[in-house]
Amino acid sequence: MISLTLLMAAVAYLFGSLSSAVVISQLFGLPDPRTAGSKNPGATNVYRLGGRIPALLVLVMDILKGTIPVYGSYFLGIEPIMLGVIAIFACLGHIFPLYFGFKGGKAVATAFGAMLPIGLDLAGLLILSWVVVVFLTGYSSLGALIAVSLAPLFTFLIKPLYTVPVAMLSLLIILRHKDNIARLLAGNESKVWDKGKVKE
(Lines give C-alpha, C1' and ligand atoms only; values in the text may rest on other atoms or scores of the structure.)
Protein backbone atom coordinates (compact mmCIF):
# COMPACT_ATOMS: atom_id res chain seq x y z
CA MET A 1 0.00 0.00 0.00
CA ILE A 2 2.91 2.35 0.70
CA SER A 3 4.26 1.87 -2.82
CA LEU A 4 0.80 2.51 -4.27
CA THR A 5 0.48 5.67 -2.18
CA LEU A 6 3.88 6.91 -3.38
CA LEU A 7 2.90 6.18 -6.97
CA MET A 8 -0.36 8.12 -6.63
CA ALA A 9 1.44 10.98 -4.88
CA ALA A 10 3.77 11.21 -7.88
CA VAL A 11 0.81 11.06 -10.27
CA ALA A 12 -0.91 13.80 -8.27
CA TYR A 13 2.17 16.02 -8.45
CA LEU A 14 2.44 15.54 -12.22
CA PHE A 15 -1.27 16.33 -12.63
CA GLY A 16 -0.89 19.40 -10.46
CA SER A 17 2.10 20.56 -12.49
CA LEU A 18 -0.11 21.16 -15.53
CA SER A 19 -0.44 24.94 -15.27
CA SER A 20 -3.98 25.57 -16.48
CA ALA A 21 -3.54 29.34 -16.41
CA VAL A 22 -0.51 29.23 -18.70
CA VAL A 23 -2.06 26.72 -21.13
CA ILE A 24 -5.41 28.54 -21.39
CA SER A 25 -3.72 31.93 -21.72
CA GLN A 26 -1.66 30.61 -24.62
CA LEU A 27 -4.77 29.19 -26.30
CA PHE A 28 -6.58 32.54 -25.99
CA GLY A 29 -3.56 34.63 -26.95
CA LEU A 30 -3.39 36.29 -23.53
CA PRO A 31 -0.27 37.53 -21.74
CA ASP A 32 1.63 34.99 -19.68
CA PRO A 33 -0.07 35.14 -16.24
CA ARG A 34 3.30 34.47 -14.59
CA THR A 35 4.67 37.78 -15.88
CA ALA A 36 1.52 39.92 -16.33
CA GLY A 37 -1.09 41.26 -13.96
CA SER A 38 -0.54 39.93 -10.45
CA LYS A 39 2.00 37.42 -11.85
CA ASN A 40 0.01 34.67 -10.17
CA PRO A 41 -0.95 31.86 -12.60
CA GLY A 42 -4.47 31.34 -11.32
CA ALA A 43 -8.07 31.90 -12.38
CA THR A 44 -8.38 35.33 -10.72
CA ASN A 45 -5.41 36.75 -12.59
CA VAL A 46 -6.59 35.20 -15.87
CA TYR A 47 -9.99 36.81 -15.27
CA ARG A 48 -8.33 40.19 -14.96
CA LEU A 49 -6.22 39.60 -18.07
CA GLY A 50 -8.77 37.91 -20.33
CA GLY A 51 -12.26 37.84 -18.90
CA ARG A 52 -14.72 35.21 -17.76
CA ILE A 53 -14.42 32.38 -20.29
CA PRO A 54 -10.65 31.81 -20.00
CA ALA A 55 -10.87 32.19 -16.21
CA LEU A 56 -13.70 29.65 -16.03
CA LEU A 57 -11.72 27.14 -18.07
CA VAL A 58 -8.70 27.63 -15.80
CA LEU A 59 -10.90 27.12 -12.76
CA VAL A 60 -12.37 23.87 -14.09
CA MET A 61 -8.98 22.48 -15.09
CA ASP A 62 -7.46 23.41 -11.73
CA ILE A 63 -10.30 21.69 -9.87
CA LEU A 64 -9.88 18.52 -11.93
CA LYS A 65 -6.17 18.45 -11.12
CA GLY A 66 -7.13 17.82 -7.52
CA THR A 67 -10.20 15.68 -8.06
CA ILE A 68 -8.82 13.09 -10.50
CA PRO A 69 -5.81 11.82 -8.50
CA VAL A 70 -7.63 11.90 -5.15
CA TYR A 71 -10.76 10.21 -6.49
CA GLY A 72 -8.62 7.62 -8.24
CA SER A 73 -6.70 6.96 -5.03
CA TYR A 74 -9.93 6.61 -3.08
CA PHE A 75 -11.17 3.90 -5.45
CA LEU A 76 -7.82 2.13 -5.11
CA GLY A 77 -8.52 1.77 -1.38
CA ILE A 78 -5.92 4.19 -0.06
CA GLU A 79 -6.69 5.23 3.51
CA PRO A 80 -7.90 8.76 4.41
CA ILE A 81 -4.66 10.17 5.88
CA MET A 82 -2.75 9.11 2.78
CA LEU A 83 -5.46 10.66 0.61
CA GLY A 84 -4.61 13.91 2.36
CA VAL A 85 -0.94 13.45 1.47
CA ILE A 86 -1.86 12.77 -2.16
CA ALA A 87 -4.04 15.89 -2.19
CA ILE A 88 -1.13 17.93 -0.86
CA PHE A 89 1.11 16.60 -3.65
CA ALA A 90 -1.47 17.70 -6.23
CA CYS A 91 -1.40 21.18 -4.70
CA LEU A 92 2.40 21.19 -4.54
CA GLY A 93 2.40 20.41 -8.25
CA HIS A 94 0.24 23.49 -8.82
CA ILE A 95 2.41 25.64 -6.57
CA PHE A 96 5.73 24.31 -7.93
CA PRO A 97 4.90 22.99 -11.43
CA LEU A 98 7.53 20.69 -12.92
CA TYR A 99 6.75 21.74 -16.49
CA PHE A 100 6.69 25.51 -15.91
CA GLY A 101 9.85 26.39 -14.03
CA PHE A 102 8.41 25.58 -10.60
CA LYS A 103 6.53 28.91 -10.61
CA GLY A 104 2.87 28.29 -9.88
CA GLY A 105 -0.22 29.63 -8.18
CA LYS A 106 -1.96 29.48 -4.82
CA ALA A 107 -3.65 26.06 -5.39
CA VAL A 108 -7.05 27.09 -4.00
CA ALA A 109 -9.04 25.52 -6.85
CA THR A 110 -6.85 22.40 -6.82
CA ALA A 111 -7.38 22.02 -3.08
CA PHE A 112 -11.12 22.43 -3.62
CA GLY A 113 -11.00 19.74 -6.28
CA ALA A 114 -9.12 17.44 -3.90
CA MET A 115 -11.87 17.92 -1.29
CA LEU A 116 -14.66 17.42 -3.83
CA PRO A 117 -14.75 13.59 -3.53
CA ILE A 118 -15.79 13.99 0.13
CA GLY A 119 -19.20 15.13 -1.06
CA LEU A 120 -21.22 17.79 -2.83
CA ASP A 121 -22.49 19.06 0.52
CA LEU A 122 -18.95 20.03 1.52
CA ALA A 123 -18.36 21.56 -1.91
CA GLY A 124 -21.56 23.58 -1.60
CA LEU A 125 -20.61 24.91 1.83
CA LEU A 126 -17.14 25.91 0.63
CA ILE A 127 -18.49 27.68 -2.45
CA LEU A 128 -21.16 29.44 -0.38
CA SER A 129 -18.54 30.61 2.14
CA TRP A 130 -16.34 31.99 -0.63
CA VAL A 131 -19.22 33.68 -2.46
CA VAL A 132 -20.58 35.36 0.68
CA VAL A 133 -17.17 36.74 1.67
CA VAL A 134 -16.34 37.96 -1.84
CA PHE A 135 -19.82 39.52 -2.20
CA LEU A 136 -19.45 41.35 1.10
CA THR A 137 -15.80 42.38 0.79
CA GLY A 138 -14.67 41.96 -2.82
CA TYR A 139 -11.55 40.09 -1.71
CA SER A 140 -11.07 36.74 -3.45
CA SER A 141 -8.11 35.91 -1.22
CA LEU A 142 -10.13 36.55 1.95
CA GLY A 143 -12.92 34.36 0.60
CA ALA A 144 -10.45 31.57 -0.05
CA LEU A 145 -8.85 31.93 3.39
CA ILE A 146 -12.16 31.81 5.22
CA ALA A 147 -13.46 28.91 3.12
CA VAL A 148 -10.38 26.75 3.70
CA SER A 149 -10.32 27.68 7.39
CA LEU A 150 -13.91 26.45 7.72
CA ALA A 151 -13.27 23.33 5.63
CA PRO A 152 -12.07 21.12 8.53
CA LEU A 153 -15.15 22.09 10.59
CA PHE A 154 -17.50 21.39 7.69
CA THR A 155 -15.75 18.07 7.06
CA PHE A 156 -16.03 17.08 10.73
CA LEU A 157 -19.77 17.68 10.56
CA ILE A 158 -20.19 15.78 7.28
CA LYS A 159 -17.55 13.00 7.20
CA PRO A 160 -15.38 13.13 10.36
CA LEU A 161 -13.01 10.49 8.99
CA TYR A 162 -11.55 13.03 6.57
CA THR A 163 -11.13 15.92 9.02
CA VAL A 164 -7.37 15.51 9.48
CA PRO A 165 -6.56 15.23 5.74
CA VAL A 166 -8.66 18.32 5.04
CA ALA A 167 -6.97 20.21 7.88
CA MET A 168 -3.58 19.33 6.36
CA LEU A 169 -4.71 20.71 3.03
CA SER A 170 -6.20 23.84 4.60
CA LEU A 171 -2.96 24.62 6.42
CA LEU A 172 -0.98 24.41 3.16
CA ILE A 173 -3.34 26.86 1.43
CA ILE A 174 -3.27 29.29 4.36
CA LEU A 175 0.55 29.25 4.39
CA ARG A 176 0.55 29.85 0.65
CA HIS A 177 -1.52 33.01 1.23
CA LYS A 178 0.89 34.63 3.70
CA ASP A 179 1.51 37.59 1.37
CA ASN A 180 -2.23 38.09 0.88
CA ILE A 181 -2.76 38.00 4.65
CA ALA A 182 -0.12 40.71 5.08
CA ARG A 183 -1.78 42.89 2.42
CA LEU A 184 -5.25 42.34 3.89
CA LEU A 185 -3.98 43.44 7.31
CA ALA A 186 -2.30 46.47 5.72
CA GLY A 187 -5.46 47.34 3.80
CA ASN A 188 -3.89 47.30 0.33
CA GLU A 189 -5.13 43.98 -1.07
CA SER A 190 -6.80 44.33 -4.48
CA LYS A 191 -10.40 43.33 -5.02
CA VAL A 192 -11.48 40.73 -7.55
CA TRP A 193 -13.02 43.25 -9.93
CA ASP A 194 -10.13 45.75 -9.76
CA LYS A 195 -8.57 45.11 -13.15
CA GLY A 196 -6.37 48.15 -12.74
CA LYS A 197 -4.64 46.69 -9.71
CA VAL A 198 -2.25 43.82 -9.97
CA LYS A 199 -1.68 42.47 -6.47
CA GLU A 200 -3.15 39.05 -5.79
# chains A, B, ... in the order shown; residues from 1 in each chain; ligands from 1
call {"tool": "select_by_dssp", "arguments": {"residues": "stretch 69-199 of chain A", "states": "alpha helix (DSSP H)", "output": "JSON, numbers by chain"}}
result
{"A": [69, 70, 71, 72, 73, 74, 75, 80, 81, 82, 83, 84, 85, 86, 87, 88, 89, 90, 91, 92, 93, 94, 95, 108, 109, 110, 111, 112, 113, 114, 115, 120, 121, 122, 123, 124, 125, 126, 127, 128, 129, 130, 131, 132, 133, 134, 135, 136, 137, 140, 141, 142, 143, 144, 145, 146, 147, 148, 149, 150, 151, 152, 153, 154, 155, 156, 157, 158, 163, 164, 165, 166, 167, 168, 169, 170, 171, 172, 173, 174, 175, 176, 178, 179, 180, 181, 182, 183, 184, 185, 186]}
call {"tool": "residues_around", "arguments": {"residues": "A:Gly42", "least_positions_apart": "2", "cutoff": "7 Å", "atoms": "only C-alpha atoms", "output": "PyMOL selection string"}}
result
chain A and resi 21+40+44-46+105
call {"tool": "residues_around", "arguments": {"residues": "A:Gly101", "least_positions_apart": "6", "cutoff": "12 Å", "atoms": "only C-alpha atoms", "output": "ChimeraX atom specification"}}
result
/A:17-19,22,34,93-95
call {"tool": "write_last_selection", "arguments": {"atoms": "N, CA, C and O atoms", "output": "tab-separated table (two decimals), in the first residue's frame"}}
result
chain	number	residue	atom	x	y	z
A	17	SER	N	1.10	19.75	-11.78
A	17	SER	CA	2.10	20.56	-12.49
A	17	SER	C	1.60	21.11	-13.82
A	17	SER	O	2.27	21.95	-14.44
A	18	LEU	N	0.46	20.62	-14.29
A	18	LEU	CA	-0.11	21.16	-15.53
A	18	LEU	C	-0.71	22.53	-15.23
A	18	LEU	O	-1.79	22.65	-14.67
A	19	SER	N	0.00	23.58	-15.59
A	19	SER	CA	-0.44	24.94	-15.27
A	19	SER	C	-1.59	25.36	-16.20
A	19	SER	O	-1.38	25.77	-17.34
A	22	VAL	N	-1.46	29.00	-17.60
A	22	VAL	CA	-0.51	29.23	-18.70
A	22	VAL	C	-1.05	28.64	-20.00
A	22	VAL	O	-1.03	29.29	-21.05
A	34	ARG	N	2.17	34.49	-15.53
A	34	ARG	CA	3.30	34.47	-14.59
A	34	ARG	C	4.10	35.76	-14.64
A	34	ARG	O	4.87	36.06	-13.72
A	93	GLY	N	2.17	20.36	-6.81
A	93	GLY	CA	2.40	20.41	-8.25
A	93	GLY	C	1.92	21.72	-8.83
A	93	GLY	O	2.58	22.32	-9.70
A	94	HIS	N	0.77	22.20	-8.35
A	94	HIS	CA	0.24	23.49	-8.82
A	94	HIS	C	1.12	24.64	-8.36
A	94	HIS	O	1.37	25.57	-9.12
A	95	ILE	N	1.60	24.56	-7.12
A	95	ILE	CA	2.41	25.64	-6.57
A	95	ILE	C	3.81	25.65	-7.18
A	95	ILE	O	4.37	26.71	-7.48
call {"tool": "residues_around", "arguments": {"residues": "A:Leu92", "least_positions_apart": "6", "cutoff": "10 Å", "atoms": "only C-alpha atoms", "output": "list of chain:residue names"}}
result
A:Ala12, A:Tyr13, A:Leu14, A:Gly16, A:Ser17, A:Ile86, A:Leu98, A:Phe102, A:Gly104, A:Gly105, A:Lys106, A:Ala107, A:Thr110, A:Ala111, A:Leu172
